[in-house]
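input.txt, holding compact mmCIF, C-alpha atoms and all ligand atoms:
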# COMPACT_ATOMS: atom_id res chain seq x y z
CA MET A 29 33.78 -30.01 -12.96
CA ASP A 30 35.25 -33.24 -14.27
CA ILE A 31 34.44 -33.60 -17.95
CA ASN A 32 36.04 -35.14 -21.01
CA TRP A 33 36.43 -32.66 -23.85
CA PHE A 34 39.65 -34.16 -25.23
CA PRO A 35 38.68 -37.08 -27.49
CA GLY A 36 41.36 -39.27 -29.08
CA HIS A 37 41.20 -37.58 -32.46
CA MET A 38 42.47 -34.34 -30.91
CA ALA A 39 45.67 -35.96 -29.63
CA LYS A 40 46.15 -37.33 -33.14
CA ALA A 41 45.46 -33.90 -34.61
CA LEU A 42 48.24 -32.39 -32.48
CA ARG A 43 50.65 -34.98 -33.89
CA ASN A 44 49.40 -34.17 -37.40
CA ILE A 45 50.04 -30.47 -36.87
CA LYS A 46 53.63 -31.22 -35.82
CA GLU A 47 54.19 -33.50 -38.80
CA HIS A 48 52.81 -31.03 -41.35
CA LEU A 49 54.59 -28.00 -39.94
CA PRO A 50 57.70 -28.33 -42.15
CA MET A 51 55.49 -28.34 -45.27
CA VAL A 52 53.89 -24.94 -44.66
CA ASP A 53 55.17 -21.36 -44.81
CA VAL A 54 52.77 -19.71 -42.39
CA VAL A 55 50.43 -20.89 -39.66
CA VAL A 56 47.10 -19.13 -39.19
CA GLU A 57 45.64 -19.70 -35.74
CA THR A 58 41.96 -18.93 -35.37
CA CYS A 59 40.57 -17.95 -31.99
CA ASP A 60 37.05 -16.82 -31.10
CA ALA A 61 36.99 -13.02 -30.91
CA ARG A 62 34.36 -13.25 -28.13
CA ILE A 63 36.71 -15.20 -25.84
CA PRO A 64 40.22 -14.53 -27.16
CA ARG A 65 41.90 -15.69 -23.95
CA SER A 66 40.05 -18.97 -23.41
CA SER A 67 40.00 -19.92 -27.08
CA ARG A 68 43.78 -20.17 -27.54
CA ASN A 69 45.35 -23.56 -26.98
CA PRO A 70 48.67 -23.19 -25.10
CA ALA A 71 49.91 -26.49 -26.56
CA LEU A 72 49.75 -24.95 -30.05
CA ALA A 73 52.06 -22.09 -29.08
CA ARG A 74 54.69 -24.64 -28.11
CA ILE A 75 54.35 -26.75 -31.22
CA LEU A 76 54.39 -23.77 -33.56
CA ALA A 77 57.49 -22.31 -31.92
CA ASP A 78 59.21 -19.93 -34.37
CA LYS A 79 57.03 -20.63 -37.42
CA PRO A 80 55.65 -17.38 -38.91
CA GLN A 81 52.19 -17.00 -37.40
CA ILE A 82 49.06 -14.94 -37.79
CA LEU A 83 46.40 -14.89 -35.10
CA VAL A 84 42.93 -14.47 -36.59
CA PHE A 85 40.26 -13.13 -34.24
CA ASN A 86 37.49 -14.93 -36.07
CA LYS A 87 33.75 -14.29 -35.65
CA ALA A 88 34.65 -10.65 -35.05
CA ASP A 89 31.17 -9.82 -36.39
CA LEU A 90 29.76 -11.37 -33.18
CA ALA A 91 32.20 -9.65 -30.80
CA ASP A 92 32.05 -6.16 -29.30
CA PRO A 93 34.08 -3.99 -31.74
CA LYS A 94 35.39 -1.74 -28.95
CA VAL A 95 36.79 -4.71 -27.04
CA THR A 96 38.31 -6.18 -30.22
CA GLU A 97 40.03 -2.86 -30.83
CA GLU A 98 41.60 -3.11 -27.35
CA TRP A 99 42.89 -6.58 -28.19
CA VAL A 100 44.37 -5.25 -31.45
CA ARG A 101 46.32 -2.73 -29.39
CA TYR A 102 47.33 -5.41 -26.91
CA TYR A 103 48.76 -7.66 -29.61
CA SER A 104 50.57 -4.87 -31.37
CA ARG A 105 52.31 -4.25 -28.05
CA HIS A 106 53.07 -7.95 -27.71
CA LYS A 107 54.21 -8.08 -31.30
CA LEU A 108 52.09 -10.84 -32.72
CA THR A 109 50.38 -10.32 -36.08
CA MET A 110 46.68 -10.31 -35.25
CA VAL A 111 43.81 -9.68 -37.66
CA PRO A 112 40.09 -9.53 -36.75
CA CYS A 113 38.02 -11.40 -39.37
CA ASN A 114 34.53 -12.41 -40.30
CA SER A 115 34.96 -15.63 -42.24
CA LYS A 116 31.43 -15.53 -43.54
CA ASN A 117 31.67 -12.24 -45.42
CA ARG A 118 35.45 -12.27 -45.95
CA GLU A 119 36.06 -9.18 -43.81
CA GLY A 120 39.75 -8.98 -42.90
CA PHE A 121 40.80 -11.56 -45.47
CA ARG A 122 42.90 -9.36 -47.71
CA ARG A 123 44.93 -8.45 -44.63
CA VAL A 124 45.52 -12.08 -43.71
CA THR A 125 47.13 -12.85 -47.08
CA GLU A 126 49.04 -9.54 -47.15
CA GLU A 127 50.43 -10.23 -43.68
CA ALA A 128 51.30 -13.81 -44.64
CA TYR A 129 53.33 -12.60 -47.63
CA LYS A 130 55.06 -10.01 -45.44
CA LEU A 131 56.03 -12.60 -42.83
CA VAL A 132 57.77 -14.78 -45.41
CA ALA A 133 58.99 -12.11 -47.85
CA GLU A 134 62.66 -13.03 -47.40
CA LYS A 135 62.03 -16.72 -47.88
CA LEU A 136 60.00 -16.03 -51.03
CA ASP A 137 62.82 -13.84 -52.39
CA ARG A 138 65.28 -16.71 -51.86
CA ILE A 139 62.95 -19.12 -53.65
CA ALA A 140 62.50 -16.67 -56.52
CA ALA A 141 66.29 -16.27 -56.79
CA ARG A 142 66.50 -20.01 -57.40
CA GLY A 143 64.04 -19.58 -60.28
CA ARG A 144 61.15 -21.31 -58.52
CA ASP A 145 58.98 -18.28 -57.96
CA ASN A 146 55.62 -19.78 -58.90
CA ARG A 147 55.26 -22.15 -55.98
CA PRO A 148 52.04 -21.42 -54.04
CA LEU A 149 52.28 -20.05 -50.52
CA ARG A 150 51.24 -22.77 -48.07
CA LEU A 151 49.22 -21.89 -44.98
CA MET A 152 48.08 -24.25 -42.24
CA VAL A 153 45.00 -23.24 -40.25
CA VAL A 154 44.88 -24.41 -36.64
CA GLY A 155 42.87 -23.56 -33.54
CA ILE A 156 40.32 -24.90 -31.13
CA PRO A 157 37.10 -26.48 -32.48
CA ASN A 158 34.34 -24.39 -34.05
CA THR A 159 36.40 -21.22 -34.48
CA GLY A 160 35.69 -21.17 -38.22
CA LYS A 161 38.88 -22.71 -39.65
CA SER A 162 37.11 -24.56 -42.46
CA THR A 163 34.78 -21.63 -43.19
CA LEU A 164 37.81 -19.35 -43.45
CA ILE A 165 39.53 -21.74 -45.86
CA ASN A 166 36.42 -22.07 -48.03
CA SER A 167 36.03 -18.29 -48.24
CA MET A 168 39.74 -17.67 -48.77
CA SER A 169 40.14 -20.32 -51.45
CA GLY A 170 36.89 -19.55 -53.26
CA ARG A 171 35.90 -23.22 -53.06
CA LYS A 172 33.47 -25.13 -50.87
CA ALA A 173 36.01 -27.87 -50.26
CA ALA A 174 36.13 -28.08 -46.47
CA GLN A 175 33.15 -29.38 -44.49
CA THR A 176 31.77 -26.86 -42.00
CA SER A 177 29.14 -27.08 -39.26
CA ASP A 178 27.76 -25.18 -36.31
CA ARG A 179 28.81 -28.17 -34.16
CA PRO A 180 32.43 -28.56 -32.97
CA GLY A 181 34.67 -31.45 -34.06
CA VAL A 182 33.55 -31.73 -37.67
CA THR A 183 36.95 -31.67 -39.39
CA ARG A 184 38.59 -35.00 -38.54
CA GLY A 185 41.82 -35.05 -40.52
CA PRO A 186 44.20 -32.79 -42.46
CA GLN A 187 42.87 -31.56 -45.83
CA TRP A 188 44.65 -29.48 -48.47
CA VAL A 189 42.62 -26.92 -50.41
CA ARG A 190 44.14 -24.95 -53.29
CA SER A 191 42.76 -21.46 -53.90
CA LYS A 192 41.03 -20.83 -57.22
CA ASP A 193 43.80 -18.50 -58.37
CA THR A 194 46.32 -21.28 -57.42
CA LYS A 195 48.53 -18.81 -55.51
CA LEU A 196 47.73 -20.24 -52.08
CA GLU A 197 47.39 -23.71 -50.65
CA TRP A 198 45.51 -24.08 -47.39
CA LEU A 199 45.80 -26.96 -44.96
CA ASP A 200 42.68 -27.44 -42.85
CA MET A 201 43.21 -29.12 -39.48
CA PRO A 202 40.81 -30.54 -36.89
CA GLY A 203 40.14 -28.27 -33.92
CA VAL A 204 42.21 -29.12 -30.86
CA LEU A 205 41.47 -28.42 -27.21
CA TRP A 206 43.87 -29.39 -24.46
CA PRO A 207 43.45 -31.95 -21.67
CA LYS A 208 43.78 -29.54 -18.75
CA LEU A 209 41.40 -26.63 -19.16
CA GLU A 210 42.16 -24.05 -16.53
CA THR A 211 39.03 -22.93 -14.74
CA ASP A 212 35.30 -23.64 -14.67
CA GLU A 213 34.81 -20.20 -16.19
CA GLN A 214 36.97 -21.20 -19.16
CA LYS A 215 35.08 -24.48 -19.64
CA LEU A 216 31.73 -22.71 -19.45
CA SER A 217 32.86 -19.98 -21.86
CA LEU A 218 34.07 -22.58 -24.36
CA SER A 219 30.71 -24.34 -24.08
CA ALA A 220 28.74 -21.12 -24.46
CA THR A 221 30.53 -20.25 -27.69
CA GLY A 222 30.23 -23.82 -29.01
CA ALA A 223 33.84 -25.03 -28.84
CA ILE A 224 32.89 -27.82 -26.41
CA LYS A 225 29.98 -30.03 -27.44
CA ASP A 226 26.64 -29.34 -25.75
CA GLN A 227 26.49 -32.92 -24.49
CA VAL A 228 29.61 -32.46 -22.32
CA LEU A 229 28.38 -29.91 -19.75
CA PRO A 230 24.83 -29.46 -18.39
CA ILE A 231 23.27 -26.99 -20.80
CA GLU A 232 21.31 -25.26 -18.02
CA GLU A 233 24.55 -24.52 -16.18
CA VAL A 234 26.22 -23.12 -19.31
CA SER A 235 23.19 -20.99 -20.05
CA PHE A 236 22.90 -19.52 -16.55
CA PHE A 237 26.65 -18.84 -16.48
CA LEU A 238 26.31 -16.89 -19.74
CA PHE A 239 23.23 -15.04 -18.51
CA ARG A 240 25.02 -13.92 -15.33
CA LYS A 241 28.03 -12.83 -17.36
CA LEU A 242 25.80 -10.74 -19.66
CA LEU A 243 23.99 -9.24 -16.67
CA GLU A 244 27.37 -8.01 -15.54
CA LEU A 245 28.76 -6.91 -18.94
CA TYR A 246 25.77 -6.09 -21.18
CA PRO A 247 22.67 -5.74 -18.94
CA GLU A 248 20.90 -3.44 -21.41
CA TYR A 249 21.08 -6.02 -24.19
CA LEU A 250 19.40 -8.55 -21.90
CA ARG A 251 16.81 -6.10 -20.66
CA GLU A 252 15.76 -5.20 -24.17
CA ARG A 253 15.80 -8.62 -25.79
CA TYR A 254 14.00 -10.46 -22.96
CA ARG A 255 11.84 -7.49 -21.87
CA LEU A 256 13.08 -7.79 -18.31
CA ARG A 257 11.43 -5.51 -15.76
CA HIS A 258 13.14 -6.50 -12.51
CA MET A 259 16.82 -5.92 -13.19
CA GLU A 260 17.54 -5.37 -9.48
CA SER A 261 16.42 -8.87 -8.46
CA ASP A 262 18.62 -11.86 -7.77
CA PRO A 263 20.29 -13.03 -11.06
CA TYR A 264 18.51 -16.38 -10.98
CA ASP A 265 15.12 -14.68 -10.58
CA ILE A 266 15.95 -12.40 -13.52
CA TYR A 267 16.90 -15.49 -15.54
CA LEU A 268 13.58 -17.15 -14.72
CA GLU A 269 11.77 -13.96 -15.66
CA GLY A 270 13.51 -14.09 -19.06
CA ALA A 271 12.40 -17.71 -19.51
CA ARG A 272 8.80 -16.82 -18.65
CA MET A 273 8.83 -13.84 -21.00
CA ARG A 274 9.78 -16.28 -23.77
CA GLY A 275 6.99 -18.69 -22.87
CA CYS A 276 9.31 -21.42 -21.57
CA ILE A 277 6.78 -22.71 -19.06
CA LEU A 278 5.85 -26.30 -18.27
CA SER A 279 2.32 -27.43 -17.48
CA GLY A 280 1.74 -26.51 -13.85
CA GLY A 281 3.53 -23.18 -14.30
CA ARG A 282 7.12 -24.22 -13.64
CA VAL A 283 9.84 -22.71 -15.85
CA ASP A 284 11.14 -25.02 -18.58
CA GLU A 285 14.82 -24.35 -17.93
CA GLN A 286 16.07 -26.79 -20.53
CA ARG A 287 14.07 -25.09 -23.29
CA PHE A 288 15.13 -21.61 -22.23
CA ALA A 289 18.77 -22.72 -22.02
CA GLU A 290 18.65 -23.97 -25.61
CA LEU A 291 16.87 -20.84 -26.80
CA PHE A 292 19.18 -18.45 -24.95
CA LEU A 293 22.39 -20.17 -26.12
CA ASN A 294 21.14 -20.27 -29.72
CA GLU A 295 20.36 -16.57 -29.62
CA PHE A 296 23.79 -15.77 -28.18
CA ARG A 297 25.61 -17.97 -30.70
CA GLY A 298 23.65 -16.45 -33.56
CA GLY A 299 24.53 -12.91 -32.46
CA MET A 300 20.86 -12.04 -31.82
CA ILE A 301 21.43 -10.57 -28.37
CA GLY A 302 24.07 -8.15 -29.62
CA ARG A 303 27.79 -7.97 -30.34
CA ILE A 304 29.28 -9.42 -27.18
CA SER A 305 32.80 -10.02 -25.87
CA LEU A 306 33.10 -12.11 -22.74
CA GLU A 307 36.82 -11.50 -22.25
CA THR A 308 38.28 -8.05 -22.06
CA ILE A 309 41.85 -6.94 -21.43
CA SER A 310 42.57 -7.20 -17.71
CA ALA A 311 44.03 -4.28 -15.81
CA ALA A 312 47.32 -6.18 -15.54
CA GLU A 313 47.39 -6.82 -19.29
CA ALA A 314 46.50 -3.22 -20.02
CA GLY A 315 49.88 -2.40 -18.48
CA GLU A 316 51.32 0.23 -16.29
CA ASP A 317 51.14 3.32 -18.42
CA GLU A 318 48.08 3.31 -20.68
CA ALA A 319 49.01 6.51 -22.49
CA SER A 320 52.42 5.28 -23.57
CA VAL A 321 51.00 1.90 -24.58
CA LEU A 322 48.39 3.57 -26.75
CA SER A 323 50.82 5.85 -28.53
CA GLN A 324 53.24 2.96 -29.07
CA ALA A 325 50.42 0.78 -30.36
CA SER A 326 49.11 3.34 -32.83
CA ALA A 327 52.63 3.67 -34.24
CA GLU A 328 52.92 -0.11 -34.60
CA VAL A 329 49.39 -0.78 -35.78
CA GLY A 330 49.72 1.70 -38.63
CA THR A 331 46.86 3.09 -40.64
CA ASP A 332 45.41 -0.29 -41.60
CA GLY A 333 44.55 -1.34 -38.02
CA VAL A 334 46.64 -4.53 -38.14
CA ALA A 335 48.78 -5.41 -35.16
CA ARG A 336 52.14 -6.39 -36.66
CA PRO A 337 55.30 -7.88 -35.17
CA GLU A 338 58.83 -6.72 -35.80
CA ASN A 339 60.39 -10.17 -35.77
CA GLN A 340 59.73 -13.77 -34.91
CA GLU A 341 61.78 -13.82 -31.70
CA ASP A 342 59.28 -11.35 -30.34
CA ILE A 343 56.43 -13.64 -31.31
CA LEU A 344 57.94 -16.39 -29.23
CA ASP A 345 58.19 -14.10 -26.25
CA SER A 346 54.56 -13.10 -26.50
CA ASP A 347 53.39 -16.69 -26.91
CA GLU A 348 54.98 -17.51 -23.59
CA ASP A 349 52.37 -15.26 -22.02
CA TRP A 350 49.76 -17.82 -22.98
CA ILE A 351 51.45 -20.84 -21.47
CA HIS A 352 50.06 -21.31 -18.01
CA GLY A 353 50.87 -24.53 -16.23
CA SER A 354 51.92 -27.66 -18.01
CA TYR A 355 50.39 -29.53 -20.88
N1 LIG A 401 29.21 -15.26 -37.38
C1 LIG A 401 30.25 -15.96 -37.84
N2 LIG A 401 30.15 -17.30 -37.91
C2 LIG A 401 31.23 -17.97 -38.38
C3 LIG A 401 32.42 -17.33 -38.78
N3 LIG A 401 33.30 -18.28 -39.18
C4 LIG A 401 32.67 -19.46 -39.04
N4 LIG A 401 31.41 -19.29 -38.58
C5 LIG A 401 30.45 -20.35 -38.24
O1 LIG A 401 31.02 -21.13 -37.19
C6 LIG A 401 30.67 -22.50 -37.31
C7 LIG A 401 31.92 -23.35 -37.30
O2 LIG A 401 32.62 -23.18 -38.50
P1 LIG A 401 33.67 -24.25 -39.04
O3 LIG A 401 34.37 -23.60 -40.19
O4 LIG A 401 33.06 -25.57 -39.25
O5 LIG A 401 34.66 -24.32 -37.77
P2 LIG A 401 36.00 -25.18 -37.59
O6 LIG A 401 36.95 -24.34 -36.83
O7 LIG A 401 36.46 -25.68 -38.91
O8 LIG A 401 35.47 -26.37 -36.68
P3 LIG A 401 36.12 -27.84 -36.43
O9 LIG A 401 36.44 -28.42 -37.77
O10 LIG A 401 35.04 -28.55 -35.73
O11 LIG A 401 37.32 -27.62 -35.57
C8 LIG A 401 29.85 -22.60 -38.60
O12 LIG A 401 28.48 -22.58 -38.24
C9 LIG A 401 30.23 -21.35 -39.37
O13 LIG A 401 29.20 -20.90 -40.25
C10 LIG A 401 32.50 -15.89 -38.66
O14 LIG A 401 33.50 -15.24 -38.92
N5 LIG A 401 31.38 -15.27 -38.18
MG MG A 402 36.72 -27.60 -39.58
How does this structure look as C-alpha cells?
Amino acid sequence: MDINWFPGHMAKALRNIKEHLPMVDVVVETCDARIPRSSRNPALARILADKPQILVFNKADLADPKVTEEWVRYYSRHKLTMVPCNSKNREGFRRVTEEAYKLVAEKLDRIAARGRDNRPLRLMVVGIPNTGKSTLINSMSGRKAAQTSDRPGVTRGPQWVRSKDTKLEWLDMPGVLWPKLETDEQKLSLSATGAIKDQVLPIEEVSFFLFRKLLELYPEYLRERYRLRHMESDPYDIYLEGARMRGCILSGGRVDEQRFAELFLNEFRGGMIGRISLETISAAEAGEDEASVLSQASAEVGTDGVARPENQEDILDSDEDWIHGSY
C-alpha cells in the first residue's frame, strides 16, 4: 500500500514544533481515543524529549469507555500524564490545566520568586491531524480563534490563542503524520478515523476494513444498526447485506459499494454505530501480573482517575515504548 500521506507542510510543521518548544511550558499531545496506538507520532516523542507533557485521549466520547479505562491504567503504570477528554463538551478539561500546573509547579515557583508571577502558562498542542487540537484550544480558551474542520490538515501554521481569563496561552500546531507508517492496518485505521484524507486510500477498502474490525470487536452494534440477519456468513457477504439494507443499490441490482462506504464511514465517525475502540491493550502490554498492575495503577491514578507520572525521566522511558523503527 504505497500512498503519500506526508505532504510538505507536515515536515515544516515538525520544524516549527522544534523551534517553538523553548517558548512553551507544557506540551499537550492529542491522540484519538479510538486508536491510541496508531494515532501517536513517534517523531513527536523524540522532539519533545524531556519537556513536561500531557497526553490527551481526545474524542473519548466516541471511544469505548471500558477500553479507555484500561489505557488510563496502562499509562499510569508507564508514568505518563494521560487525560481522556471530549473537546466538544469540555469533559476532562479542568484536569488538563490542573495537571499542567502540577507538571511545572517548581518552575512557576521560581518565576514567582523573581516577582514575575503573572506570566501566563504557555501550552503547545501537537498531534496527528484531525485529533481535535484546534477544537480543544477553542474550548479551553473560550474563544473561537482556531479554525476547525471534520477534514484533516486544516491548521497550516502555528497560531497563538490567549484564554479569556488571560491565564493561559495556547499554541495551535498543524497535525503531523510521519513518512513511514508501520502497517496497512495502521494506515486503514488512520483513514477510518479521518486522520488521513479520504482521497489517499480507496474508500471502499477503508470501509470494508472497518466493517470487518467491527464484526470482530462489536458485532452486536453492527447487527442492530444495519439490521443484519446472517451474521454467520462470510464477512464480505455480511457487508453487502448491510449495504442492501441501507438501500445502496445500483440500477440492475448491484450493490453501490462507494455509497455504502461513505455512509458507513460517516456513521462511524459521527459515533452513530456506538462507542467504539479499535485498539485495545495487548496481552503483552497488559503485563505479566495483572493483579499487581491493577493495584499499583489504582494507587497511582488516585481518586480523580488521572494517570500521573512521578517525574519526567520516567516519561522519557515510557515514550521509548512508542518508537518503533526509524524516522
Ligand atoms: N466527537 C468529538 N469530536 C471532536 C472532538 N474534538 C474535535 N472533534 C471534531 O474533530 C474534527 C477535527 O477537529 P479539529 O479541531 O479541526 O482537529 P485538529 O487536530 O485541529 O486538525 P488539524 O488542524 O487538521 O490537524 C472536527 O470535526 C471537530 O468537531 C471530541 O472530543 N469529540
Ligand atoms: Mg487544527
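Taking all atoms listed in the file into account, the residues that come within 6 Å of ligand MG 402 (chain A) are Lys161, Ser162, Thr176, Val182, Thr183 and Pro202 of chain A.
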Could you give me, as a VMD selection string, the residues within 7 Å of region 31-45 of chain A, counting only C-alpha atoms and dropping anything in the same chain fewer than 3 positions from it?
-> chain A and resid 48 to 49 202 204 to 207 224 228
Please identify the residues whose atoms come within 8 Å of ligand LIG 401 (chain A), using all atoms listed in the file, and report them as a short mmCIF file (atom, residue, chain, number, x, y, z; two decimals) with C-alpha atoms, keeping the file's coordinate frame.
data_model
loop_
_atom_site.label_atom_id
_atom_site.label_comp_id
_atom_site.auth_asym_id
_atom_site.auth_seq_id
_atom_site.Cartn_x
_atom_site.Cartn_y
_atom_site.Cartn_z
CA THR A 58 41.96 -18.93 -35.37
CA ASN A 86 37.49 -14.93 -36.07
CA LYS A 87 33.75 -14.29 -35.65
CA ALA A 88 34.65 -10.65 -35.05
CA ASP A 89 31.17 -9.82 -36.39
CA LEU A 90 29.76 -11.37 -33.18
CA CYS A 113 38.02 -11.40 -39.37
CA ASN A 114 34.53 -12.41 -40.30
CA SER A 115 34.96 -15.63 -42.24
CA LYS A 116 31.43 -15.53 -43.54
CA ASN A 117 31.67 -12.24 -45.42
CA ARG A 118 35.45 -12.27 -45.95
CA VAL A 154 44.88 -24.41 -36.64
CA GLY A 155 42.87 -23.56 -33.54
CA ILE A 156 40.32 -24.90 -31.13
CA PRO A 157 37.10 -26.48 -32.48
CA ASN A 158 34.34 -24.39 -34.05
CA THR A 159 36.40 -21.22 -34.48
CA GLY A 160 35.69 -21.17 -38.22
CA LYS A 161 38.88 -22.71 -39.65
CA SER A 162 37.11 -24.56 -42.46
CA THR A 163 34.78 -21.63 -43.19
CA LEU A 164 37.81 -19.35 -43.45
CA ILE A 165 39.53 -21.74 -45.86
CA ALA A 174 36.13 -28.08 -46.47
CA GLN A 175 33.15 -29.38 -44.49
CA THR A 176 31.77 -26.86 -42.00
CA SER A 177 29.14 -27.08 -39.26
CA ASP A 178 27.76 -25.18 -36.31
CA ARG A 179 28.81 -28.17 -34.16
CA PRO A 180 32.43 -28.56 -32.97
CA GLY A 181 34.67 -31.45 -34.06
CA VAL A 182 33.55 -31.73 -37.67
CA THR A 183 36.95 -31.67 -39.39
CA ARG A 184 38.59 -35.00 -38.54
CA ASP A 200 42.68 -27.44 -42.85
CA MET A 201 43.21 -29.12 -39.48
CA PRO A 202 40.81 -30.54 -36.89
CA GLY A 203 40.14 -28.27 -33.92
CA VAL A 204 42.21 -29.12 -30.86
CA ALA A 223 33.84 -25.03 -28.84
CA GLY A 298 23.65 -16.45 -33.56
CA GLY A 299 24.53 -12.91 -32.46
#
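CA of Cys59 (chain A) is found 17.1 Å from CA of Asn166 (chain A).
Counting from CA of Met259 (chain A), the distance to CA of Leu243 (chain A) is 8.6 Å.
The shortest atom-to-atom distance to Pro148 (chain A), with only C-alpha atoms taken into account, belongs to A:Met51 out of A:Ile75, A:Ala220, A:Met51, A:Leu250.
For Cys276 (chain A), the set of protein, DNA and RNA residues having any atom at most 8 Å away, when counting only C-alpha atoms and skipping those fewer than 5 positions along the same chain, is Ala271, Val283, Asp284, Glu285, Arg287 and Phe288 of chain A.
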Output file for the selection above: C-alpha atoms, as a PDB file, in the frame of the given file:
ATOM      1  CA  ALA A 271      12.400 -17.710 -19.510  1.00  0.00           C
ATOM      2  CA  VAL A 283       9.840 -22.710 -15.850  1.00  0.00           C
ATOM      3  CA  ASP A 284      11.140 -25.020 -18.580  1.00  0.00           C
ATOM      4  CA  GLU A 285      14.820 -24.350 -17.930  1.00  0.00           C
ATOM      5  CA  ARG A 287      14.070 -25.090 -23.290  1.00  0.00           C
ATOM      6  CA  PHE A 288      15.130 -21.610 -22.230  1.00  0.00           C
TER       7      PHE A 288
END
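For the atom pair formed by CA of Glu97 (chain A) and CA of Leu245 (chain A), the distance is 16.9 Å, given to one decimal.
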Pick out the closest residue to Glu307 (chain A) from this set: A:Arg74, A:Lys172, A:Lys241, A:Lys192. Count only C-alpha atoms.
-> A:Lys241
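Distance annotation: of A:Arg303, A:Arg144, A:Arg274, A:Lys215, the residue with the minimal separation from Tyr246 (chain A) is A:Arg303; atom set is only C-alpha atoms.
With distances taken over all atoms listed in the file, A:Arg105 is the one residue among A:Lys130, A:Arg272, A:Arg105, A:Lys135 lying closest to Ala314 (chain A).
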Exercise: Tyr249 (chain A) partners within 10 Å, all atoms listed in the file, chain neighbours under 5 positions left out, as a PyMOL selection string | chain A and resi 242-243+254-255+300-304
What residues have an atom no more than 12 Å from (51.0, -11.0, -43.4) in the file's own frame, counting only C-alpha atoms, and can you write them as a ChimeraX atom specification?
-> /A:53-56,80-84,108-111,120-133,149,151,334-338
Select, from A:Lys46, A:Val153, A:Glu213, A:Ser235, the residue with the minimum atom-to-atom distance to Trp198 (chain A), counting only C-alpha atoms.
-> A:Val153
